[in-house]
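File shown: target_34.cif. Contents: mmCIF, C-alpha atoms and all ligand atoms.
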data_query
#
loop_
_atom_site.label_atom_id
_atom_site.label_comp_id
_atom_site.auth_asym_id
_atom_site.auth_seq_id
_atom_site.Cartn_x
_atom_site.Cartn_y
_atom_site.Cartn_z
CA MET A 498 -81.98 -36.15 -129.67
CA ARG A 499 -83.12 -33.44 -132.05
CA VAL A 500 -81.29 -34.06 -135.32
CA LEU A 501 -81.38 -31.62 -138.22
CA SER A 502 -79.78 -31.29 -141.60
CA GLY A 503 -80.34 -29.55 -144.90
CA ILE A 504 -79.32 -30.45 -148.41
CA GLN A 505 -79.14 -28.07 -151.34
CA PRO A 506 -81.22 -28.84 -154.43
CA THR A 507 -78.47 -27.87 -156.84
CA GLY A 508 -78.77 -30.91 -159.15
CA ARG A 509 -79.38 -34.62 -159.00
CA PHE A 510 -77.77 -36.34 -156.02
CA HIS A 511 -74.62 -38.37 -156.66
CA TRP A 512 -72.88 -41.24 -154.88
CA GLY A 513 -70.85 -38.76 -152.80
CA ASN A 514 -74.04 -37.15 -151.51
CA TYR A 515 -75.48 -40.55 -150.66
CA PHE A 516 -72.54 -42.07 -148.79
CA GLY A 517 -71.32 -38.76 -147.39
CA ALA A 518 -74.63 -37.34 -146.22
CA ILE A 519 -77.99 -38.83 -147.16
CA ARG A 520 -77.39 -42.30 -145.75
CA GLN A 521 -76.62 -40.75 -142.37
CA TYR A 522 -79.86 -38.80 -142.40
CA ILE A 523 -81.82 -41.94 -143.09
CA ASP A 524 -80.09 -43.88 -140.32
CA LEU A 525 -80.57 -41.09 -137.81
CA GLN A 526 -84.32 -40.88 -138.29
CA HIS A 527 -84.53 -43.99 -136.13
CA GLY A 528 -84.65 -43.23 -132.43
CA ASN A 529 -84.28 -39.45 -132.91
CA ASP A 530 -86.50 -36.47 -133.47
CA ALA A 531 -85.25 -35.70 -136.97
CA TYR A 532 -85.80 -32.64 -139.19
CA TYR A 533 -84.54 -32.59 -142.78
CA PHE A 534 -85.06 -29.83 -145.26
CA ILE A 535 -84.33 -28.95 -148.86
CA ALA A 536 -82.19 -25.82 -148.71
CA ASN A 537 -83.67 -23.92 -151.66
CA LEU A 538 -82.77 -20.50 -150.20
CA HIS A 539 -79.13 -21.50 -150.02
CA ALA A 540 -79.36 -22.84 -153.56
CA LEU A 541 -80.39 -19.35 -154.73
CA THR A 542 -76.79 -18.27 -154.20
CA THR A 543 -75.88 -20.40 -157.22
CA ILE A 544 -79.04 -21.20 -159.24
CA ARG A 545 -80.66 -18.37 -161.18
CA ASP A 546 -83.02 -20.46 -163.26
CA PRO A 547 -86.42 -20.64 -161.52
CA ALA A 548 -87.65 -23.65 -163.49
CA ALA A 549 -84.48 -25.56 -162.62
CA LEU A 550 -84.77 -24.64 -158.95
CA ARG A 551 -88.39 -25.86 -158.85
CA GLN A 552 -87.53 -29.08 -160.64
CA ASN A 553 -84.45 -29.73 -158.49
CA THR A 554 -86.51 -29.22 -155.35
CA ILE A 555 -89.08 -31.84 -156.34
CA ASP A 556 -86.29 -34.17 -157.47
CA ALA A 557 -84.57 -33.76 -154.11
CA ALA A 558 -87.78 -34.64 -152.26
CA LEU A 559 -88.34 -37.67 -154.50
CA ASP A 560 -84.74 -38.83 -154.08
CA LEU A 561 -84.77 -38.49 -150.30
CA LEU A 562 -88.10 -40.27 -149.92
CA ALA A 563 -87.06 -43.02 -152.33
CA LEU A 564 -83.79 -43.54 -150.46
CA GLY A 565 -85.69 -44.25 -147.25
CA LEU A 566 -86.55 -40.97 -145.59
CA ASN A 567 -89.78 -41.84 -143.82
CA PRO A 568 -92.13 -38.86 -143.33
CA SER A 569 -93.83 -40.54 -140.39
CA LYS A 570 -90.47 -40.70 -138.61
CA ALA A 571 -88.71 -37.52 -139.82
CA VAL A 572 -90.03 -34.06 -140.68
CA LEU A 573 -89.24 -33.28 -144.34
CA PHE A 574 -89.80 -29.75 -145.66
CA GLU A 575 -88.62 -26.95 -147.92
CA GLN A 576 -86.47 -24.27 -146.30
CA SER A 577 -88.47 -21.41 -147.86
CA ASP A 578 -91.70 -22.73 -146.33
CA VAL A 579 -90.46 -21.64 -142.90
CA PRO A 580 -90.20 -17.82 -143.13
CA GLU A 581 -89.31 -17.67 -139.43
CA VAL A 582 -85.81 -18.77 -140.47
CA THR A 583 -85.09 -15.66 -142.51
CA GLU A 584 -86.46 -13.53 -139.70
CA LEU A 585 -84.11 -15.17 -137.22
CA THR A 586 -81.26 -14.70 -139.71
CA TRP A 587 -81.51 -10.93 -139.25
CA LEU A 588 -81.33 -11.19 -135.46
CA LEU A 589 -78.24 -13.37 -135.79
CA MET A 590 -76.59 -11.17 -138.42
CA SER A 591 -76.90 -8.22 -136.09
CA ILE A 592 -74.47 -9.86 -133.67
CA THR A 593 -72.17 -11.68 -136.13
CA PRO A 594 -68.70 -10.19 -136.56
CA MET A 595 -67.59 -9.64 -140.17
CA GLY A 596 -64.36 -11.47 -139.41
CA LEU A 597 -66.19 -14.69 -138.56
CA LEU A 598 -67.76 -14.80 -142.03
CA GLU A 599 -64.63 -13.56 -143.81
CA ARG A 600 -62.87 -16.68 -142.58
CA CYS A 601 -65.46 -19.05 -144.08
CA VAL A 602 -63.98 -21.03 -146.95
CA SER A 603 -66.89 -20.94 -149.40
CA TYR A 604 -66.69 -17.13 -149.45
CA LYS A 605 -62.91 -16.89 -149.07
CA ASP A 606 -62.27 -19.30 -151.97
CA LYS A 607 -64.37 -17.25 -154.32
CA VAL A 608 -62.71 -13.99 -153.35
CA THR A 609 -59.22 -15.55 -153.57
CA LYS A 610 -60.03 -16.67 -157.10
CA GLY A 611 -60.85 -13.05 -157.92
CA LEU A 612 -64.56 -13.76 -158.42
CA ALA A 613 -67.26 -11.33 -157.34
CA ALA A 614 -69.19 -12.62 -154.35
CA ASP A 615 -72.81 -11.80 -153.53
CA VAL A 616 -73.95 -10.73 -150.07
CA GLY A 617 -75.97 -13.96 -150.02
CA LEU A 618 -72.83 -16.04 -150.33
CA PHE A 619 -71.14 -13.98 -147.63
CA THR A 620 -74.01 -14.36 -145.15
CA TYR A 621 -74.74 -17.95 -146.17
CA PRO A 622 -73.38 -19.32 -142.86
CA VAL A 623 -75.74 -17.08 -140.86
CA LEU A 624 -78.79 -18.41 -142.70
CA MET A 625 -77.40 -21.85 -141.99
CA ALA A 626 -77.02 -20.98 -138.29
CA ALA A 627 -80.66 -19.85 -138.23
CA ASP A 628 -81.70 -23.13 -139.91
CA ILE A 629 -80.01 -25.04 -137.13
CA LEU A 630 -80.79 -22.92 -134.07
CA ILE A 631 -84.48 -22.39 -134.85
CA TYR A 632 -85.31 -26.05 -134.15
CA ASP A 633 -83.18 -26.33 -130.97
CA SER A 634 -81.09 -28.83 -132.95
CA GLU A 635 -78.59 -30.84 -130.96
CA ILE A 636 -76.95 -32.94 -133.67
CA VAL A 637 -76.28 -31.82 -137.24
CA PRO A 638 -75.15 -34.64 -139.53
CA VAL A 639 -73.09 -33.26 -142.44
CA GLY A 640 -70.23 -33.96 -144.78
CA ALA A 641 -66.76 -32.91 -143.62
CA ASP A 642 -66.85 -29.75 -145.77
CA GLN A 643 -69.67 -28.36 -143.63
CA ILE A 644 -67.95 -28.62 -140.24
CA GLN A 645 -66.80 -25.01 -140.35
CA HIS A 646 -70.37 -23.84 -140.85
CA ILE A 647 -71.60 -25.75 -137.80
CA GLU A 648 -68.81 -24.19 -135.77
CA VAL A 649 -69.96 -20.77 -136.94
CA ALA A 650 -73.52 -21.63 -135.84
CA ARG A 651 -72.18 -22.62 -132.42
CA ASP A 652 -70.18 -19.39 -132.16
CA ILE A 653 -73.17 -17.27 -133.08
CA ALA A 654 -75.42 -19.14 -130.63
CA GLY A 655 -72.81 -18.72 -127.90
CA SER A 656 -72.52 -14.95 -128.51
CA PHE A 657 -76.29 -14.51 -128.56
CA ASN A 658 -76.65 -16.45 -125.30
CA HIS A 659 -73.84 -14.43 -123.76
CA LEU A 660 -75.40 -11.11 -124.78
CA PHE A 661 -79.08 -11.84 -124.16
CA GLY A 662 -79.20 -14.83 -121.81
CA GLU A 663 -79.68 -18.55 -122.52
CA THR A 664 -81.71 -18.72 -125.72
CA PHE A 665 -80.23 -21.27 -128.10
CA VAL A 666 -79.11 -24.87 -127.79
CA LEU A 667 -75.47 -25.23 -128.89
CA PRO A 668 -75.44 -27.70 -131.82
CA LYS A 669 -72.83 -30.37 -132.49
CA TYR A 670 -71.88 -31.80 -135.88
CA LYS A 671 -71.70 -35.45 -136.70
CA VAL A 672 -69.56 -36.64 -139.61
CA LEU A 673 -69.59 -40.12 -141.05
CA GLU A 674 -65.84 -40.72 -141.06
CA SER A 675 -65.74 -44.02 -142.93
CA SER A 676 -66.91 -42.46 -146.16
CA ALA A 677 -65.81 -38.89 -145.56
CA LYS A 678 -64.62 -38.48 -149.13
CA VAL A 679 -66.18 -40.46 -151.94
CA PRO A 680 -63.90 -40.21 -155.01
CA GLY A 681 -65.25 -39.21 -158.41
CA THR A 682 -64.54 -40.75 -161.80
CA ASP A 683 -61.19 -38.92 -161.96
CA GLY A 684 -60.08 -39.84 -158.44
CA GLU A 685 -60.67 -36.35 -157.03
CA LYS A 686 -63.49 -35.81 -154.51
CA MET A 687 -66.79 -36.52 -156.26
CA SER A 688 -68.47 -33.17 -156.75
CA LYS A 689 -70.78 -31.45 -159.20
CA SER A 690 -68.19 -28.72 -159.52
CA TYR A 691 -65.56 -31.18 -160.82
CA ASN A 692 -67.79 -32.83 -163.39
CA ASN A 693 -66.81 -36.29 -162.09
CA THR A 694 -70.07 -37.48 -160.56
CA ILE A 695 -72.16 -40.61 -160.93
CA GLU A 696 -75.77 -39.92 -160.03
CA ILE A 697 -77.72 -42.22 -157.73
CA PHE A 698 -80.71 -42.42 -160.06
CA ASP A 699 -78.89 -42.46 -163.39
CA GLU A 700 -80.43 -45.04 -165.70
CA PRO A 701 -78.34 -48.23 -165.36
CA LYS A 702 -76.98 -47.79 -168.88
CA ALA A 703 -75.84 -44.22 -168.27
CA MET A 704 -74.38 -45.23 -164.92
CA ARG A 705 -72.36 -48.03 -166.55
CA LYS A 706 -71.02 -45.62 -169.14
CA LYS A 707 -69.73 -43.32 -166.40
CA VAL A 708 -68.23 -46.24 -164.48
CA MET A 709 -66.38 -47.37 -167.61
CA ARG A 710 -64.86 -43.89 -167.87
CA ILE A 711 -63.35 -44.00 -164.37
CA THR A 712 -59.63 -43.23 -164.70
CA THR A 713 -57.11 -45.97 -163.89
CA ASP A 714 -53.34 -46.18 -163.80
CA SER A 715 -51.24 -47.72 -166.55
CA ARG A 716 -49.46 -50.44 -164.60
CA PRO A 717 -49.37 -53.77 -166.45
CA MET A 718 -52.21 -56.20 -165.71
CA GLU A 719 -50.00 -58.91 -164.25
CA GLN A 720 -48.35 -56.60 -161.70
CA PRO A 721 -49.57 -57.09 -158.10
CA LYS A 722 -51.14 -53.95 -156.64
CA PRO A 723 -50.68 -54.06 -152.87
CA ASP A 724 -51.61 -50.37 -152.62
CA TYR A 725 -55.21 -51.19 -153.58
CA GLU A 726 -56.64 -49.10 -150.74
CA ASN A 727 -55.44 -45.94 -152.51
CA ASP A 728 -57.11 -46.88 -155.77
CA HIS A 729 -60.30 -44.87 -156.28
CA LEU A 730 -61.88 -47.65 -158.33
CA TYR A 731 -61.36 -50.05 -155.43
CA GLN A 732 -62.64 -47.42 -152.99
CA LEU A 733 -65.82 -46.98 -155.01
CA TYR A 734 -66.33 -50.74 -155.24
CA SER A 735 -65.91 -51.00 -151.47
CA LEU A 736 -68.89 -48.72 -150.93
CA PHE A 737 -71.27 -51.19 -152.56
CA ALA A 738 -69.60 -54.54 -151.89
CA THR A 739 -70.28 -56.92 -149.03
CA ASP A 740 -67.33 -57.69 -146.73
CA ALA A 741 -66.74 -60.96 -148.55
CA GLN A 742 -66.78 -59.29 -151.98
CA ARG A 743 -64.42 -56.60 -150.75
CA ASN A 744 -61.93 -59.12 -149.40
CA GLU A 745 -62.06 -61.04 -152.64
CA MET A 746 -61.37 -57.87 -154.61
CA ALA A 747 -58.49 -56.94 -152.28
CA ALA A 748 -56.97 -60.38 -152.85
CA LEU A 749 -57.26 -59.92 -156.61
CA TYR A 750 -55.41 -56.59 -156.47
CA GLN A 751 -52.69 -58.11 -154.29
CA LYS A 752 -52.20 -61.02 -156.66
CA GLY A 753 -52.23 -59.04 -159.89
CA ASN A 754 -53.28 -60.51 -163.24
CA PHE A 755 -56.56 -58.72 -163.61
CA GLY A 756 -57.86 -55.89 -165.77
CA TYR A 757 -59.45 -52.74 -164.46
CA GLY A 758 -62.34 -53.38 -166.88
CA GLN A 759 -63.20 -56.40 -164.77
CA VAL A 760 -63.29 -54.25 -161.63
CA LYS A 761 -65.47 -51.68 -163.38
CA THR A 762 -67.99 -54.32 -164.38
CA ALA A 763 -68.09 -55.60 -160.81
CA LEU A 764 -68.58 -52.04 -159.57
CA ALA A 765 -71.41 -51.31 -162.03
CA ASP A 766 -73.15 -54.59 -161.12
CA ALA A 767 -72.85 -53.93 -157.40
CA ALA A 768 -74.06 -50.32 -157.70
CA GLU A 769 -77.01 -51.28 -159.88
CA GLN A 770 -78.09 -53.93 -157.43
CA PHE A 771 -77.54 -51.63 -154.45
CA PHE A 772 -79.89 -48.93 -155.80
CA ALA A 773 -82.45 -51.21 -157.54
CA SER A 774 -85.15 -51.14 -154.87
CA PHE A 775 -84.69 -47.38 -154.34
CA ARG A 776 -85.17 -46.91 -158.06
CA SER A 777 -88.55 -48.64 -158.11
CA LYS A 778 -89.65 -46.74 -155.03
CA ARG A 779 -88.75 -43.47 -156.78
CA ALA A 780 -90.78 -44.36 -159.86
CA GLU A 781 -93.76 -45.10 -157.63
CA LEU A 782 -93.47 -41.73 -155.88
CA ALA A 783 -92.90 -39.80 -159.12
CA ALA A 784 -96.26 -41.12 -160.33
CA ASP A 785 -97.97 -39.51 -157.31
CA LEU A 786 -96.57 -35.98 -156.99
CA LEU A 787 -99.64 -34.80 -155.08
CA LYS A 788 -98.71 -37.16 -152.31
CA VAL A 789 -95.14 -35.84 -152.31
CA GLN A 790 -96.46 -32.27 -152.11
CA ALA A 791 -98.70 -33.25 -149.19
CA ILE A 792 -95.68 -34.69 -147.36
CA LEU A 793 -93.76 -31.41 -147.84
CA THR A 794 -96.74 -29.28 -146.77
CA ASP A 795 -97.27 -31.34 -143.65
CA GLY A 796 -93.54 -31.20 -142.89
CA ALA A 797 -93.54 -27.41 -143.24
CA SER A 798 -96.40 -26.97 -140.80
CA ARG A 799 -94.71 -29.20 -138.23
CA ALA A 800 -91.41 -27.34 -138.70
CA ARG A 801 -93.08 -23.90 -138.42
CA LYS A 802 -94.65 -24.80 -135.12
CA LYS A 803 -91.26 -25.39 -133.53
CA ALA A 804 -89.61 -22.51 -135.43
CA GLY A 805 -92.25 -20.06 -134.20
CA GLU A 806 -91.56 -20.96 -130.57
CA VAL A 807 -87.80 -20.51 -130.85
CA LEU A 808 -88.06 -17.31 -132.91
CA LEU A 809 -90.33 -15.78 -130.24
CA ARG A 810 -87.86 -16.82 -127.55
CA ALA A 811 -85.05 -15.06 -129.45
CA GLN A 812 -87.14 -11.96 -130.18
CA LYS A 813 -88.03 -11.60 -126.52
CA ALA A 814 -84.45 -12.17 -125.44
CA CYS A 815 -83.03 -9.39 -127.62
CA GLY A 816 -85.87 -6.94 -127.04
CA VAL A 817 -87.72 -6.76 -130.34
CA LYS A 818 -90.83 -8.36 -128.76
CA ARG A 819 -92.33 -7.74 -125.33
P1 LIG A 901 -71.25 -31.10 -154.50
O1 LIG A 901 -69.82 -31.07 -154.02
O2 LIG A 901 -71.46 -32.11 -155.56
O3 LIG A 901 -71.76 -29.73 -154.88
P2 LIG A 901 -72.76 -30.68 -152.14
O4 LIG A 901 -71.76 -29.70 -151.67
O5 LIG A 901 -74.12 -30.21 -152.56
O6 LIG A 901 -72.11 -31.58 -153.28
O7 LIG A 901 -72.92 -31.77 -150.98
C1 LIG A 901 -74.11 -32.13 -150.29
C2 LIG A 901 -73.72 -33.04 -149.15
O8 LIG A 901 -73.06 -34.22 -149.62
C3 LIG A 901 -72.75 -32.38 -148.19
O9 LIG A 901 -73.09 -32.77 -146.87
C4 LIG A 901 -71.41 -32.94 -148.59
O10 LIG A 901 -70.50 -32.95 -147.56
C5 LIG A 901 -71.76 -34.33 -149.06
N1 LIG A 901 -70.82 -34.73 -150.12
C6 LIG A 901 -70.74 -34.20 -151.35
N2 LIG A 901 -69.78 -34.80 -152.09
C7 LIG A 901 -69.21 -35.73 -151.28
C8 LIG A 901 -68.16 -36.67 -151.46
N3 LIG A 901 -67.51 -36.79 -152.61
N4 LIG A 901 -67.85 -37.47 -150.42
C9 LIG A 901 -68.52 -37.37 -149.26
N5 LIG A 901 -69.52 -36.50 -149.03
C10 LIG A 901 -69.87 -35.68 -150.02
N1 LIG A 902 -74.87 -25.71 -146.57
C1 LIG A 902 -75.27 -27.08 -146.56
C2 LIG A 902 -74.64 -27.82 -147.75
O1 LIG A 902 -74.29 -27.19 -148.72
C3 LIG A 902 -76.77 -27.22 -146.62
C4 LIG A 902 -77.43 -26.63 -145.40
C5 LIG A 902 -78.13 -25.47 -145.33
C6 LIG A 902 -77.41 -27.19 -144.10
N2 LIG A 902 -78.57 -25.27 -144.08
C7 LIG A 902 -78.15 -26.30 -143.27
C8 LIG A 902 -76.84 -28.34 -143.54
C9 LIG A 902 -78.31 -26.54 -141.92
C10 LIG A 902 -77.02 -28.56 -142.18
C11 LIG A 902 -77.75 -27.67 -141.38
O2 LIG A 902 -74.51 -29.01 -147.71
#

Translate the structure described by the file into structure tokens.
Amino acid sequence: MRVLSGIQPTGRFHWGNYFGAIRQYIDLQHGNDAYYFIANLHALTTIRDPAALRQNTIDAALDLLALGLNPSKAVLFEQSDVPEVTELTWLLMSITPMGLLERCVSYKDKVTKGLAADVGLFTYPVLMAADILIYDSEIVPVGADQIQHIEVARDIAGSFNHLFGETFVLPKYKVLESSAKVPGTDGEKMSKSYNNTIEIFDEPKAMRKKVMRITTDSRPMEQPKPDYENDHLYQLYSLFATDAQRNEMAALYQKGNFGYGQVKTALADAAEQFFASFRSKRAELAADLLKVQAILTDGASRARKKAGEVLLRAQKACGVKR
């Protein structure tokens, strides 16, 4: 299967990004023809600091490679290194109804809040459709918040095929249900926009500090807590714990007589151990940025080869190339 996904370099990746998205990418590189890219063009809709965008892009590459993305299995590249994508975006925009984009939540939310939206934000889903369709992608692994965008890509592909004949493969999304929503330190969905994140590659000390700040309820220690599955601290611990550790923690909640500080320490220990080998791999890669650049350059040339074929197919279909 051709698998493709993109991730925006809008800051350092957090636990939500890992369990909600990145871990799936890594798993899917086995036994599939996988393409993963750093969506720096999409990030331009929010980042206006060029130095930050450059740094975030390298950090994203380092993080993904450290977390197990293997460039000999998957193609890893930067979105802007494949100009065919923006060319295809125009072809797709020409047949995309305004109404389809007006219904997209990222745009709608901003407008509802009374904020001024850029054309880039409005057409964001079309660029995303081009990202997907240009590699004949079959499966697109994403977090639940991106489902609507994949449906838009399918709609656009369907309309194009209907108008100009079979051109694009209709993509399907794949969501990892079990960790669809990783909670943040305040119990809301972990997200950069809520300021409640814990970053994957935080130094252990900084990570512990954030863990200690996780909000908890004020029920007395001795009280049994049979509703442990709703507790975001327990949910976070579950992500890192083995089955045995998780059962032990569940039993503790059910019995009562424990402090949340104890759970936080267990969580910090488990998280530190979980990411330890990734951390040393990242340090190794960060010391050899030329190698990382070579991986991205090679990925871009592999991606462009496929993108060029599909773009030409689309151009011929709609009549802008003979
Ligand atoms: P943020 O909300 O911090 O800005 P992004 O929107 O950049 O994160 O998310 C990148 C990817 O990580 C997306 O596929 C998204 O669905 C996933 N993701 C982000 N936060 C979470 C979370 N708390 N739980 C599960 N998946 C998440
Ligand atoms: N919009 C996606 C996000 O914010 C990133 C993205 C861009 C993407 N292009 C894509 C994801 C194509 C999957 C396929 O997470």

Practice problem: Counting only C-alpha atoms and all ligand atoms, name the residues that have an atom within 6 Å of an atom of ligand LIG 902 (chain A); the answer should be given as number ranges by chain. | Solution: A: 502-505, 536, 625, 628-629, 637

Quiz prompt | At most 6 Å from ligand LIG 901 (chain A) (only C-alpha atoms and all ligand atoms): residue list as a VMD selection string | solution = chain A and resid 504 to 505 513 to 514 517 to 518 639 to 642 677 to 680 686 to 690

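Atom CA of Glu696 of chain A sits 14.4 Å away from atom CA of Leu736 of chain A.
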
Practice problem: Can you work out the spacing between atom CA of Met590 of chain A and atom CA of Thr620 of chain A in Å, to one decimal? | Solution: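 The value is 7.9 Å.
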
Quiz item: With all atoms listed in the file as the atoms that count, which of A:Ser774, A:Gln552, A:Ser634, A:Asn693 lies nearest to Asp530 of chain A?
Solution: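 Nearest to Asp530 of chain A: A:Ser634.
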
Quiz item: Of the candidates A:Ser715, A:Thr543, A:Asn567, A:Asn529, which shows the shortest atom-to-atom distance to Ser603 of chain A, using only C-alpha atoms?
Solution: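 Closest to Ser603 of chain A, using only C-alpha atoms: A:Thr543.
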
Quiz item: Which of these, A:Val817, A:Cys601, A:Pro721, A:Trp512, has the shortest distance to Thr682 of chain A once you count only C-alpha atoms?
Solution: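 Looking only at the distances to Thr682 of chain A, the closest residue turns out to be A:Trp512.
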
Quiz item: For Phe665 of chain A, which of A:Lys813, A:Arg705, A:Arg551, A:Arg651 is the closest residue, counting all atoms listed in the file?
Solution: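 The shortest atom-to-atom distance to Phe665 of chain A comes from A:Arg651.
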
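Closest to Ala531 of chain A among A:Ala571, A:Leu730, A:Met718, A:Met595 is A:Ala571, based on all atoms listed in the file.
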
Quiz item: Using only C-alpha atoms, which residue out of A:Lys671, A:Arg509, A:Lys702, A:Arg819 lies closest to Leu559 of chain A?
Solution: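 Ranked by minimum distance to Leu559 of chain A, first place goes to A:Arg509.
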
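Atom CA of Pro506 of chain A is positioned 5.3 Å from atom CA of Asn553 of chain A.
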
Exercise. Within 8 Å of Ile636 of chain A, counting only C-alpha atoms, which residues show up once you throw out same-chain ones fewer than 4 positions away? Write them as a VMD selection string, please.
Key: chain A and resid 498 to 501 668 to 671

Practice problem: Write out as a PyMOL selection string the residues lying within 12 Å of Val789 of chain A, counting only C-alpha atoms and excluding same-chain residues fewer than 3 positions away. | Solution: chain A and resi 554-563+567-568+573-575+779+781-786+792-796

Long-range neighbours of segment 747-750 of chain A as a PDB file with C-alpha atoms, in the frame of the given file, 8 Å cut-off, only C-alpha atoms, 4 positions minimum in chain:
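Wrote it out as selection12.pdb, contents follow:
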ATOM      1  CA  PRO A 721     -49.570 -57.090-158.100  1.00  0.00           C
ATOM      2  CA  LYS A 722     -51.140 -53.950-156.640  1.00  0.00           C
ATOM      3  CA  PRO A 723     -50.680 -54.060-152.870  1.00  0.00           C
ATOM      4  CA  TYR A 725     -55.210 -51.190-153.580  1.00  0.00           C
ATOM      5  CA  ARG A 743     -64.420 -56.600-150.750  1.00  0.00           C
ATOM      6  CA  ASN A 754     -53.280 -60.510-163.240  1.00  0.00           C
ATOM      7  CA  PHE A 755     -56.560 -58.720-163.610  1.00  0.00           C
TER       8      PHE A 755
END
